[in-house]
Every structure is written in structure tokens, then in C-alpha cells.
$ cat input05.cif   # mmCIF, C-alpha atoms
data_model
#
loop_
_atom_site.group_PDB
_atom_site.id
_atom_site.type_symbol
_atom_site.label_atom_id
_atom_site.label_comp_id
_atom_site.auth_asym_id
_atom_site.auth_seq_id
_atom_site.Cartn_x
_atom_site.Cartn_y
_atom_site.Cartn_z
ATOM 1 C CA MET X 227 21.132 30.950 -1.600
ATOM 2 C CA ILE X 228 18.582 28.359 -2.698
ATOM 3 C CA TYR X 229 18.745 24.893 -1.172
ATOM 4 C CA GLY X 230 16.922 21.734 -2.109
ATOM 5 C CA ARG X 231 16.137 19.707 -5.185
ATOM 6 C CA ARG X 232 14.700 20.666 -8.542
ATOM 7 C CA VAL X 233 14.255 17.985 -11.174
ATOM 8 C CA GLN X 234 16.316 18.844 -14.259
ATOM 9 C CA ALA X 235 18.555 15.880 -15.084
ATOM 10 C CA ALA X 236 17.864 14.052 -18.338
ATOM 11 C CA ALA X 237 18.413 10.711 -16.612
ATOM 12 C CA GLU X 238 15.692 11.442 -14.085
ATOM 13 C CA LYS X 239 13.323 12.592 -16.805
ATOM 14 C CA ALA X 240 13.957 9.330 -18.608
ATOM 15 C CA LEU X 241 13.203 7.431 -15.387
ATOM 16 C CA ARG X 242 9.907 9.263 -15.063
ATOM 17 C CA LEU X 243 9.030 8.421 -18.660
ATOM 18 C CA ARG X 244 9.722 4.726 -18.083
ATOM 19 C CA ARG X 245 7.660 4.790 -14.900
ATOM 20 C CA TRP X 246 4.792 6.500 -16.702
ATOM 21 C CA PHE X 247 4.959 3.944 -19.550
ATOM 22 C CA LYS X 248 4.853 1.001 -17.159
ATOM 23 C CA ARG X 249 1.895 2.379 -15.210
ATOM 24 C CA GLN X 250 -0.178 4.012 -17.925
ATOM 25 C CA VAL X 251 0.560 1.789 -20.932
ATOM 26 C CA LEU X 252 1.540 -1.554 -19.445
ATOM 27 C CA LYS X 253 -0.827 -1.024 -16.499
ATOM 28 C CA GLN X 254 1.759 -2.210 -13.962
ATOM 29 C CA ALA X 255 0.305 -0.816 -10.751
ATOM 30 C CA TRP X 256 3.044 -0.376 -8.132
ATOM 31 C CA MET X 257 0.493 -0.913 -5.358
ATOM 32 C CA ALA X 258 -0.160 -4.432 -6.586
ATOM 33 C CA ASP X 259 3.420 -5.299 -5.686
ATOM 34 C CA SER X 260 3.864 -3.274 -2.504
ATOM 35 C CA PHE X 261 0.660 -4.072 -0.642
ATOM 36 C CA ALA X 262 0.673 -7.748 -1.597
ATOM 37 C CA ASP X 263 3.547 -8.263 0.835
ATOM 38 C CA PRO X 264 2.264 -9.714 4.150
ATOM 39 C CA VAL X 265 5.111 -7.923 5.955
ATOM 40 C CA VAL X 266 3.741 -4.574 4.769
ATOM 41 C CA GLN X 267 0.255 -5.564 5.872
ATOM 42 C CA GLU X 268 1.564 -6.712 9.255
ATOM 43 C CA ARG X 269 3.195 -3.345 9.911
ATOM 44 C CA MET X 270 -0.196 -1.697 9.492
ATOM 45 C CA LEU X 271 -2.100 -4.307 11.469
ATOM 46 C CA VAL X 272 0.132 -4.079 14.539
ATOM 47 C CA ASP X 273 -0.157 -0.284 14.596
ATOM 48 C CA ARG X 274 -2.682 -0.072 17.416
ATOM 49 C CA VAL X 275 -3.031 3.714 17.090
ATOM 50 C CA ARG X 276 -4.071 3.342 13.456
ATOM 51 C CA CYS X 277 -6.377 0.364 13.957
ATOM 52 C CA GLU X 278 -8.119 1.649 17.086
ATOM 53 C CA ALA X 279 -8.750 5.072 15.537
ATOM 54 C CA PHE X 280 -10.310 3.579 12.423
ATOM 55 C CA ARG X 281 -12.365 1.104 14.473
ATOM 56 C CA GLU X 282 -13.776 3.942 16.572
ATOM 57 C CA ALA X 283 -14.478 6.043 13.462
ATOM 58 C CA VAL X 284 -16.305 3.124 11.839
ATOM 59 C CA ARG X 285 -18.256 2.465 15.037
ATOM 60 C CA ARG X 286 -19.402 6.104 15.166
ATOM 61 C CA THR X 287 -20.166 6.415 11.461
ATOM 62 C CA VAL X 288 -21.732 3.140 10.298
ATOM 63 C CA ARG X 289 -25.387 2.674 11.234
ATOM 64 C CA PRO X 290 -27.298 -0.609 11.403
ATOM 65 C CA GLY X 291 -28.425 -1.579 7.909
ATOM 66 C CA ASP X 292 -25.877 0.619 6.081
ATOM 67 C CA VAL X 293 -24.166 -0.504 2.905
ATOM 68 C CA VAL X 294 -20.440 0.222 3.041
ATOM 69 C CA VAL X 295 -17.664 0.317 0.441
ATOM 70 C CA ASP X 296 -14.112 -0.276 1.677
ATOM 71 C CA LEU X 297 -11.654 1.297 -0.754
ATOM 72 C CA GLY X 298 -8.253 -0.409 -0.714
ATOM 73 C CA ALA X 299 -9.402 -3.053 1.722
ATOM 74 C CA GLY X 300 -6.083 -4.821 2.260
ATOM 75 C CA THR X 301 -6.695 -7.716 4.655
ATOM 76 C CA GLY X 302 -10.282 -6.530 5.103
ATOM 77 C CA LEU X 303 -9.908 -5.205 8.653
ATOM 78 C CA LEU X 304 -12.084 -2.137 8.087
ATOM 79 C CA SER X 305 -14.687 -4.277 6.327
ATOM 80 C CA PHE X 306 -14.857 -6.508 9.398
ATOM 81 C CA PHE X 307 -15.178 -3.417 11.597
ATOM 82 C CA ALA X 308 -18.103 -2.245 9.444
ATOM 83 C CA VAL X 309 -19.902 -5.578 9.862
ATOM 84 C CA GLN X 310 -19.312 -5.410 13.614
ATOM 85 C CA ALA X 311 -20.856 -1.916 13.576
ATOM 86 C CA GLY X 312 -24.043 -3.254 11.964
ATOM 87 C CA ALA X 313 -23.516 -2.834 8.212
ATOM 88 C CA ARG X 314 -25.976 -4.834 6.129
ATOM 89 C CA HIS X 315 -23.323 -5.403 3.464
ATOM 90 C CA VAL X 316 -19.761 -4.362 2.682
ATOM 91 C CA TYR X 317 -18.087 -4.215 -0.716
ATOM 92 C CA ALA X 318 -14.354 -4.605 -0.143
ATOM 93 C CA ILE X 319 -12.268 -3.441 -3.116
ATOM 94 C CA GLU X 320 -8.629 -4.557 -3.260
ATOM 95 C CA LEU X 321 -6.167 -4.386 -6.136
ATOM 96 C CA SER X 322 -3.165 -6.262 -4.807
ATOM 97 C CA ARG X 323 -2.610 -9.998 -4.493
ATOM 98 C CA ILE X 324 -3.269 -9.764 -0.741
ATOM 99 C CA ALA X 325 -6.906 -10.142 -1.840
ATOM 100 C CA GLU X 326 -6.309 -13.894 -2.027
ATOM 101 C CA THR X 327 -5.671 -13.887 1.716
ATOM 102 C CA THR X 328 -8.563 -11.502 2.316
ATOM 103 C CA ALA X 329 -10.955 -13.942 0.636
ATOM 104 C CA GLY X 330 -9.755 -16.654 3.000
ATOM 105 C CA LEU X 331 -10.208 -14.396 6.035
ATOM 106 C CA ILE X 332 -13.754 -13.546 4.996
ATOM 107 C CA ALA X 333 -14.563 -17.248 4.686
ATOM 108 C CA ALA X 334 -12.791 -18.153 7.943
ATOM 109 C CA ASN X 335 -14.963 -15.621 9.773
ATOM 110 C CA GLY X 336 -18.173 -16.821 8.109
ATOM 111 C CA MET X 337 -18.879 -13.440 6.505
ATOM 112 C CA GLN X 338 -19.295 -14.436 2.842
ATOM 113 C CA ASP X 339 -22.908 -13.264 2.971
ATOM 114 C CA ARG X 340 -21.972 -9.881 4.498
ATOM 115 C CA ILE X 341 -18.741 -8.976 2.679
ATOM 116 C CA THR X 342 -18.274 -9.108 -1.087
ATOM 117 C CA LEU X 343 -14.642 -8.961 -2.175
ATOM 118 C CA ILE X 344 -14.128 -7.096 -5.465
ATOM 119 C CA ARG X 345 -10.666 -7.513 -6.953
ATOM 120 C CA GLY X 346 -9.259 -4.746 -9.115
ATOM 121 C CA ASN X 347 -8.580 -1.041 -9.452
ATOM 122 C CA SER X 348 -11.460 0.859 -7.861
ATOM 123 C CA LYS X 349 -11.649 3.164 -10.897
ATOM 124 C CA LYS X 350 -12.279 0.160 -13.136
ATOM 125 C CA VAL X 351 -14.717 -1.918 -11.083
ATOM 126 C CA LYS X 352 -18.428 -1.553 -10.359
ATOM 127 C CA VAL X 353 -20.380 -1.895 -7.118
ATOM 128 C CA PRO X 354 -23.863 -3.478 -7.392
ATOM 129 C CA GLU X 355 -25.626 -0.797 -5.333
ATOM 130 C CA ARG X 356 -25.105 2.704 -4.022
ATOM 131 C CA CYS X 357 -23.499 2.847 -0.586
ATOM 132 C CA ASP X 358 -24.176 4.811 2.594
ATOM 133 C CA VAL X 359 -20.573 4.933 3.820
ATOM 134 C CA LEU X 360 -17.139 4.925 2.210
ATOM 135 C CA VAL X 361 -14.200 3.942 4.379
ATOM 136 C CA SER X 362 -10.629 3.980 3.137
ATOM 137 C CA GLU X 363 -7.246 3.695 4.773
ATOM 138 C CA THR X 364 -5.267 4.826 1.743
ATOM 139 C CA LEU X 365 -3.510 7.633 3.586
ATOM 140 C CA SER X 366 0.213 7.977 2.961
ATOM 141 C CA SER X 367 2.768 9.631 5.218
ATOM 142 C CA PHE X 368 1.941 13.044 3.745
ATOM 143 C CA CYS X 369 -1.742 12.222 3.250
ATOM 144 C CA PHE X 370 -1.989 11.877 -0.540
ATOM 145 C CA ASP X 371 1.458 11.475 -2.072
ATOM 146 C CA THR X 372 1.857 7.746 -2.745
ATOM 147 C CA GLU X 373 -1.599 6.153 -2.874
ATOM 148 C CA ASN X 374 -3.385 8.902 -4.829
ATOM 149 C CA ALA X 375 -6.087 8.942 -2.173
ATOM 150 C CA VAL X 376 -7.706 12.202 -3.265
ATOM 151 C CA GLU X 377 -8.488 11.106 -6.814
ATOM 152 C CA TYR X 378 -9.478 7.538 -5.902
ATOM 153 C CA ILE X 379 -11.844 8.708 -3.175
ATOM 154 C CA ALA X 380 -13.279 11.372 -5.493
ATOM 155 C CA ASP X 381 -14.004 8.729 -8.127
ATOM 156 C CA ALA X 382 -15.577 6.384 -5.565
ATOM 157 C CA ARG X 383 -17.604 9.254 -4.110
ATOM 158 C CA GLU X 384 -19.081 9.966 -7.534
ATOM 159 C CA ARG X 385 -19.771 6.396 -8.669
ATOM 160 C CA PHE X 386 -20.419 4.379 -5.502
ATOM 161 C CA LEU X 387 -22.145 6.609 -2.944
ATOM 162 C CA LYS X 388 -25.671 7.786 -2.250
ATOM 163 C CA PRO X 389 -26.306 11.535 -1.858
ATOM 164 C CA GLY X 390 -25.336 12.584 1.656
ATOM 165 C CA ALA X 391 -23.184 9.511 2.226
ATOM 166 C CA ARG X 392 -20.540 9.567 4.967
ATOM 167 C CA ILE X 393 -16.811 9.269 4.282
ATOM 168 C CA ILE X 394 -13.917 8.085 6.459
ATOM 169 C CA PRO X 395 -11.522 9.939 6.472
ATOM 170 C CA GLU X 396 -13.165 13.355 6.217
ATOM 171 C CA ILE X 397 -10.473 16.018 6.423
ATOM 172 C CA CYS X 398 -6.687 15.898 6.420
ATOM 173 C CA ASP X 399 -4.130 18.659 6.982
ATOM 174 C CA THR X 400 -0.436 18.338 6.273
ATOM 175 C CA PHE X 401 2.390 20.090 8.107
ATOM 176 C CA LEU X 402 6.080 20.708 7.584
ATOM 177 C CA MET X 403 8.823 21.640 10.037
ATOM 178 C CA PRO X 404 12.466 22.638 9.480
ATOM 179 C CA PHE X 405 14.792 20.814 11.855
ATOM 180 C CA SER X 406 18.236 19.448 12.583
ATOM 181 C CA SER X 407 19.206 16.225 14.298
ATOM 182 C CA ASP X 408 22.242 14.040 14.896
ATOM 183 C CA GLU X 409 19.998 10.985 15.272
ATOM 184 C CA VAL X 410 17.982 11.035 12.056
ATOM 185 C CA GLY X 411 18.380 12.410 8.539
ATOM 186 C CA VAL X 412 21.526 13.852 6.987
ATOM 187 C CA GLY X 413 22.891 14.768 10.424
ATOM 188 C CA ARG X 414 23.233 11.082 11.240
ATOM 189 C CA ILE X 415 26.001 10.541 8.686
ATOM 190 C CA PRO X 416 28.311 13.577 8.363
ATOM 191 C CA PRO X 417 30.297 14.249 5.162
ATOM 192 C CA ARG X 418 33.417 13.001 6.979
ATOM 193 C CA PHE X 419 32.553 9.732 8.723
ATOM 194 C CA TYR X 420 35.254 8.178 10.967
ATOM 195 C CA ASP X 421 37.742 10.538 9.248
ATOM 196 C CA ILE X 422 36.744 9.138 5.849
ATOM 197 C CA GLU X 423 35.202 11.199 3.046
ATOM 198 C CA PHE X 424 31.620 9.876 2.916
ATOM 199 C CA ASP X 425 29.739 12.683 1.165
ATOM 200 C CA LEU X 426 29.177 10.612 -1.990
ATOM 201 C CA PHE X 427 27.336 7.941 0.027
ATOM 202 C CA ARG X 428 25.148 10.386 1.943
ATOM 203 C CA ARG X 429 24.219 12.146 -1.290
ATOM 204 C CA LYS X 430 23.177 8.817 -2.735
ATOM 205 C CA LEU X 431 21.242 7.958 0.427
ATOM 206 C CA PHE X 432 19.383 11.264 0.519
ATOM 207 C CA GLU X 433 19.128 12.148 -3.163
ATOM 208 C CA LEU X 434 15.326 11.974 -2.920
ATOM 209 C CA PRO X 435 12.728 12.620 -0.195
ATOM 210 C CA VAL X 436 12.415 9.516 1.967
ATOM 211 C CA LEU X 437 10.385 8.135 4.852
ATOM 212 C CA ILE X 438 12.169 8.201 8.193
ATOM 213 C CA ARG X 439 11.331 7.213 11.760
ATOM 214 C CA ALA X 440 11.700 10.594 13.459
ATOM 215 C CA SER X 441 9.279 10.048 16.359
ATOM 216 C CA GLY X 442 11.134 9.894 19.650
ATOM 217 C CA LYS X 443 14.411 11.137 18.152
ATOM 218 C CA LYS X 444 16.267 14.137 19.522
ATOM 219 C CA MET X 445 16.009 17.113 17.213
ATOM 220 C CA VAL X 446 16.143 20.892 17.128
ATOM 221 C CA GLU X 447 13.023 22.527 15.742
ATOM 222 C CA ILE X 448 14.348 25.431 13.678
ATOM 223 C CA ALA X 449 10.835 26.869 13.473
ATOM 224 C CA GLN X 450 7.339 25.935 14.529
ATOM 225 C CA PRO X 451 5.456 23.570 12.191
ATOM 226 C CA ALA X 452 3.540 25.314 9.417
ATOM 227 C CA ALA X 453 0.407 24.155 7.625
ATOM 228 C CA CYS X 454 0.922 23.028 4.057
ATOM 229 C CA TYR X 455 -2.080 21.349 2.389
ATOM 230 C CA HIS X 456 -5.712 21.058 3.469
ATOM 231 C CA VAL X 457 -7.602 18.123 1.926
ATOM 232 C CA ASP X 458 -11.356 17.677 2.296
ATOM 233 C CA PHE X 459 -12.118 14.143 1.113
ATOM 234 C CA THR X 460 -15.841 14.935 0.996
ATOM 235 C CA LYS X 461 -15.291 17.563 -1.718
ATOM 236 C CA GLU X 462 -11.845 17.447 -3.351
ATOM 237 C CA LYS X 463 -11.496 16.108 -6.877
ATOM 238 C CA GLN X 464 -7.835 16.722 -7.627
ATOM 239 C CA THR X 465 -4.569 16.209 -5.780
ATOM 240 C CA PRO X 466 -2.983 19.437 -4.441
ATOM 241 C CA GLY X 467 -0.338 21.199 -6.520
ATOM 242 C CA PRO X 468 2.619 23.542 -5.947
ATOM 243 C CA THR X 469 2.633 25.804 -2.920
ATOM 244 C CA VAL X 470 4.927 27.907 -0.737
ATOM 245 C CA VAL X 471 5.215 27.250 2.991
ATOM 246 C CA VAL X 472 6.530 30.087 5.176
ATOM 247 C CA PHE X 473 8.285 29.575 8.524
ATOM 248 C CA LYS X 474 8.804 32.675 10.672
ATOM 249 C CA GLY X 475 10.671 33.348 13.897
ATOM 250 C CA CYS X 476 13.426 30.801 13.360
ATOM 251 C CA VAL X 477 15.998 29.911 15.986
ATOM 252 C CA GLU X 478 19.665 29.924 15.113
ATOM 253 C CA GLY X 479 21.082 26.630 13.974
ATOM 254 C CA ARG X 480 21.867 24.132 11.248
ATOM 255 C CA MET X 481 18.977 23.110 9.001
ATOM 256 C CA ASP X 482 18.999 19.462 7.861
ATOM 257 C CA GLY X 483 15.705 19.599 5.988
ATOM 258 C CA PHE X 484 11.984 19.413 6.600
ATOM 259 C CA LEU X 485 9.780 16.800 8.242
ATOM 260 C CA GLY X 486 6.268 16.289 6.868
ATOM 261 C CA TRP X 487 3.215 14.615 8.393
ATOM 262 C CA PHE X 488 -0.571 14.716 8.468
ATOM 263 C CA GLU X 489 -3.278 15.346 11.050
ATOM 264 C CA CYS X 490 -6.550 13.743 10.004
ATOM 265 C CA GLN X 491 -10.148 13.879 11.163
ATOM 266 C CA LEU X 492 -11.547 10.434 10.427
ATOM 267 C CA CYS X 493 -14.987 11.487 11.639
ATOM 268 C CA PRO X 494 -16.197 14.103 14.142
ATOM 269 C CA GLY X 495 -14.339 13.475 17.392
ATOM 270 C CA VAL X 496 -11.863 10.895 16.036
ATOM 271 C CA TYR X 497 -8.431 12.038 14.898
ATOM 272 C CA ILE X 498 -5.158 10.432 13.880
ATOM 273 C CA SER X 499 -1.702 11.824 13.150
ATOM 274 C CA ASN X 500 1.827 10.694 12.357
ATOM 275 C CA SER X 501 3.409 13.816 13.867
ATOM 276 C CA PRO X 502 7.015 13.272 15.016
ATOM 277 C CA ARG X 503 5.911 14.684 18.373
ATOM 278 C CA LEU X 504 3.708 11.602 18.840
ATOM 279 C CA PRO X 505 4.579 7.892 19.141
ATOM 280 C CA LEU X 506 5.663 6.263 15.888
ATOM 281 C CA THR X 507 2.946 4.876 13.623
ATOM 282 C CA ALA X 508 3.075 2.673 10.535
ATOM 283 C CA TRP X 509 3.271 5.819 8.399
ATOM 284 C CA TRP X 510 6.611 7.178 9.747
ATOM 285 C CA GLN X 511 7.317 10.744 8.488
ATOM 286 C CA LEU X 512 8.188 12.240 5.110
ATOM 287 C CA TYR X 513 11.655 13.823 5.000
ATOM 288 C CA PHE X 514 12.858 16.484 2.570
ATOM 289 C CA PRO X 515 16.649 16.500 3.042
ATOM 290 C CA LEU X 516 18.953 19.506 2.639
ATOM 291 C CA LEU X 517 22.384 18.005 2.083
ATOM 292 C CA ASP X 518 24.106 21.394 2.281
ATOM 293 C CA GLN X 519 22.801 21.796 5.852
ATOM 294 C CA PRO X 520 22.604 25.615 5.687
ATOM 295 C CA ARG X 521 22.856 27.802 8.788
ATOM 296 C CA VAL X 522 19.760 29.721 9.823
ATOM 297 C CA ARG X 523 20.012 32.903 11.856
ATOM 298 C CA LYS X 524 17.747 33.806 14.739
ATOM 299 C CA GLY X 525 14.640 35.601 13.493
ATOM 300 C CA ASP X 526 15.055 34.477 9.882
ATOM 301 C CA THR X 527 12.111 33.545 7.705
ATOM 302 C CA ILE X 528 12.307 30.362 5.622
ATOM 303 C CA PHE X 529 10.437 29.982 2.347
ATOM 304 C CA LEU X 530 9.905 26.426 1.143
ATOM 305 C CA HIS X 531 8.657 26.032 -2.421
ATOM 306 C CA ILE X 532 7.181 22.562 -2.840
ATOM 307 C CA ASP X 533 5.614 20.724 -5.786
ATOM 308 C CA PRO X 534 4.206 17.170 -5.585
ATOM 309 C CA ASN X 535 4.704 16.836 -9.346
ATOM 310 C CA MET X 536 2.276 13.903 -9.472
ATOM 311 C CA ASN X 537 3.198 11.159 -11.933
ATOM 312 C CA ALA X 538 0.726 8.311 -12.427
ATOM 313 C CA GLY X 539 -0.662 8.910 -8.945
ATOM 314 C CA GLU X 540 2.649 9.151 -7.093
ATOM 315 C CA ALA X 541 4.443 12.322 -5.989
ATOM 316 C CA GLU X 542 7.934 12.990 -7.325
ATOM 317 C CA TRP X 543 8.740 15.930 -5.124
ATOM 318 C CA ASP X 544 10.504 19.054 -6.285
ATOM 319 C CA TYR X 545 11.417 21.446 -3.508
ATOM 320 C CA ARG X 546 13.699 24.361 -2.781
ATOM 321 C CA ALA X 547 14.160 26.616 0.232
ATOM 322 C CA HIS X 548 15.686 30.008 0.889
ATOM 323 C CA THR X 549 15.930 32.243 3.926
ATOM 324 C CA ALA X 550 15.373 35.946 4.431
ATOM 325 C CA PRO X 551 16.197 38.083 7.472
ATOM 326 C CA GLY X 552 13.618 39.216 9.978
ATOM 327 C CA GLU X 553 9.923 39.296 9.103
ATOM 328 C CA THR X 554 10.324 39.583 5.345
ATOM 329 C CA THR X 555 7.247 38.199 3.574
ATOM 330 C CA GLY X 556 8.156 38.156 -0.118
#
$ encode --input "input05.cif" --output "C-alpha cells"
Amino acid sequence: MIYGRRVQAAAEKALRLRRWFKRQVLKQAWMADSFADPVVQERMLVDRVRCEAFREAVRRTVRPGDVVVDLGAGTGLLSFFAVQAGARHVYAIELSRIAETTAGLIAANGMQDRITLIRGNSKKVKVPERCDVLVSETLSSFCFDTENAVEYIADARERFLKPGARIIPEICDTFLMPFSSDEVGVGRIPPRFYDIEFDLFRRKLFELPVLIRASGKKMVEIAQPAACYHVDFTKEKQTPGPTVVVFKGCVEGRMDGFLGWFECQLCPGVYISNSPRLPLTAWWQLYFPLLDQPRVRKGDTIFLHIDPNMNAGEAEWDYRAHTAPGETTG
């Protein structure tokens, strides 16, 4: 039997068309709304794991006198790190309305002569000079699926950087893991909840892949994590497409879905990850729910077919899974 979600419904196709029209024709960038919220920015700023890793990567990568471009600057934290590391000048590009606050922070820190704030979509703006370093914290919970990091960095790499320029982040790998849990995901709310039929609600809650806080939660790992996508930000030009992820040597148990995360090399020797095996970060984890909660037998192999189905820079995931006995590979 095949489990999961494949986009077929006319209503959902209509929703995609409206979303495409708003973004491509009306130019209503969703990021301009989301990242303008100070609460969203705060969640990233108080993530010490995130901030310390990027500060160390900037410290190791930026050399005195370098010119740096900060792609998706937000409050400008990475731009400030670059100045602290000795950058001669930083061009901080920010699309959302948080740029108004960023301008104030630059002035409050007396860095108007070291940081130039450029407001707008990085694909539409120009930088006055070629840069030695590109730094960008536009990673999403599965690396590339909501902020279109691959294509934006590729464009910036081509138009803003000198030959041989350095890029933060460098390489990112994504992983998936089948699991079950009574503390997170569909296992948290059973179809019958307090002896009341609640399946309609849980299907509404988990009709699409969502972000969940799985770190620190009790769960059963149905199989070991498997690598999914490998992204090299120094080379890639296009966002990854459909693939099949294979999980072998399963344990017996209920399967509630798949958890997704990234492991990223910001620069040589500096890494960051939102793995559920590590403390929670601002990214949380990506969750592909299986509402049918199929049973997996010991030794089974799971095949997960996954497609980001990118629409105007945002993934609209299609996925389906099936199991096969033993070490079957096809």
C-alpha cells in the first residue's frame, strides 16, 4: 500500500494558481510579510547555537579589508559580525520591512560608513562593487524549501562576487527519518480523543507537511536517518527536484511519518544542524505526516518518493511511501 500525499485536488491546484499569481504577477513576496515581524526575528536572535555558529564562520572567513555582501540581512547581525571581523565594507540586502529597524541599528552603532543597507529583492538590486565574501542565513528547516536559498545565492554568486570569493554557508545535506511518537506529530492526537471521534480534526491539522518541535521528544526511530539532498552553495544553480529515499533494516512498529532536517558546513570546521537528536534551534524540524500510521515489520525496507514541487520559490511537497520486505531494492 502507498501512504502519503500526492497533489491532485482541483481546489489545491486553484490555490497554487492564486499563490503563483500573487507572487509572480502582483509581486507580493511572502517573505516581506513573514520576516518583517520582530517576533520572528527575535526567535532567530535568541538562538545562541545559530548565532554563535555564524559568528565563528564569519570570523574565520572574513579577512581584514574584505568587501562582504549579506544576503537577507534581517536585523543586520551578520553584517555587524563581518565588520567586527575586519570587513572594509558590507552591503546588507534586505527585502522585508524589518529593514527600517536595521537602518536604525546601523546608525545606533555608528556603522553608516561601513554598512550600506540595500532594500529590495536581491535579484533586482545592484551592488556597487564586487565582493570577496557572501554570507547568508537564508536556510530553512530543510535547507532550501521556503526561502529559495539555492537560487538566490546562485544569482548573488554570479552578479555580486569576485572570482574565488568565499561563501557562507558552503555545503548543506538534508536527512529524513521514519519515526513514531506519542509526544509529537499525528501520534499526539489519536483518531479517538477522550472517546470522541477526532479524525477530522487531525486530518485538518496534518493535511500538509508542517514544522514541529521534535528535539527532546520521546520517539521510536523506525529506521536510521538517510541522506536526501546534497546542496553545494558554491556551485548549485537550481533547487533540487524529485528523489527517492530508501530506509533499510527497519524495526517493527507504527510509522507516523518522516522527520527532515539539515546538517550544514558554514565554513571549514564550523557546522550547524537542526537534527532532532540535538537541542532545539530556531529552525525546528520539517514533518511529513502519515495519517494512516501504517505498521512496519522488522527488516522491512521503506521507499519514500519526495518532490519539492517548487512554486514561486517555496516547496509544496508531494510525497508517498511504501514498504517492501527484507532487503528489496526496487
$ residues_around --input "input05.cif" --residues "range 402-407 of chain X" --least-positions-apart "4" --cutoff "6 Å" --atoms "all atoms listed in the file" --output "number ranges by chain"
X: 413, 445-448, 451-452, 481-486
$ residues_around --input "input05.cif" --residues "range 330-333 of chain X" --least-positions-apart "6" --cutoff "12 Å" --atoms "only C-alpha atoms" --output "PyMOL selection string"
chain X and resi 299-306+309+316-318+324+339-343
$ write_last_selection --input "input05.cif" --atoms "C-alpha atoms" --output "tab-separated table (two decimals), in the coordinates of the input"
chain	number	residue	atom	x	y	z
X	299	ALA	CA	-9.40	-3.05	1.72
X	300	GLY	CA	-6.08	-4.82	2.26
X	301	THR	CA	-6.70	-7.72	4.66
X	302	GLY	CA	-10.28	-6.53	5.10
X	303	LEU	CA	-9.91	-5.20	8.65
X	304	LEU	CA	-12.08	-2.14	8.09
X	305	SER	CA	-14.69	-4.28	6.33
X	306	PHE	CA	-14.86	-6.51	9.40
X	309	VAL	CA	-19.90	-5.58	9.86
X	316	VAL	CA	-19.76	-4.36	2.68
X	317	TYR	CA	-18.09	-4.22	-0.72
X	318	ALA	CA	-14.35	-4.61	-0.14
X	324	ILE	CA	-3.27	-9.76	-0.74
X	339	ASP	CA	-22.91	-13.26	2.97
X	340	ARG	CA	-21.97	-9.88	4.50
X	341	ILE	CA	-18.74	-8.98	2.68
X	342	THR	CA	-18.27	-9.11	-1.09
X	343	LEU	CA	-14.64	-8.96	-2.17
$ closest_residue --input "input05.cif" --among "X:Ala325, X:Leu271, X:Ala375, X:Cys493" --to "Arg392 in chain X" --atoms "all atoms listed in the file"
X:Cys493
$ atom_distance --input "input05.cif" --atom1 "CA of Arg429 in chain X" --atom2 "CA of Met536 in chain X"
23.5 Å
$ residues_around --input "input05.cif" --residues "range 286-289 of chain X" --least-positions-apart "2" --cutoff "8 Å" --atoms "only C-alpha atoms" --output "list in words"
Glu282, Ala283, Val284, Gly291, Asp292, Val294, Ala308, Ala311, Gly312, Ala313, Val359, Arg392 and Cys493 of chain X
$ residues_around --input "input05.cif" --residues "range 454-457 of chain X" --least-positions-apart "3" --cutoff "12 Å" --atoms "all atoms listed in the file" --output "PyMOL selection string"
chain X and resi 365+368-371+375-377+379-380+395-403+451+460-473+484-491+529-534
$ decode --input "input05.cif" --residues "range 275-291 of chain X" --atoms "C-alpha atoms" --output "short mmCIF file (atom, residue, chain, number, x, y, z; two decimals), in the first residue's frame"
data_model
loop_
_atom_site.label_atom_id
_atom_site.label_comp_id
_atom_site.auth_asym_id
_atom_site.auth_seq_id
_atom_site.Cartn_x
_atom_site.Cartn_y
_atom_site.Cartn_z
CA VAL X 275 23.53 27.89 18.53
CA ARG X 276 22.64 29.63 15.28
CA CYS X 277 24.20 32.99 16.13
CA GLU X 278 27.44 31.63 17.60
CA ALA X 279 28.00 29.29 14.65
CA PHE X 280 27.55 32.07 12.12
CA ARG X 281 29.73 34.45 14.15
CA GLU X 282 32.54 31.89 14.22
CA ALA X 283 32.14 31.18 10.49
CA VAL X 284 32.31 34.90 9.71
CA ARG X 285 35.34 35.32 11.98
CA ARG X 286 37.17 32.50 10.16
CA THR X 287 36.16 33.56 6.66
CA VAL X 288 36.24 37.37 6.50
CA ARG X 289 39.71 38.90 6.19
CA PRO X 290 40.72 42.47 7.04
CA GLY X 291 39.83 44.73 4.12
#
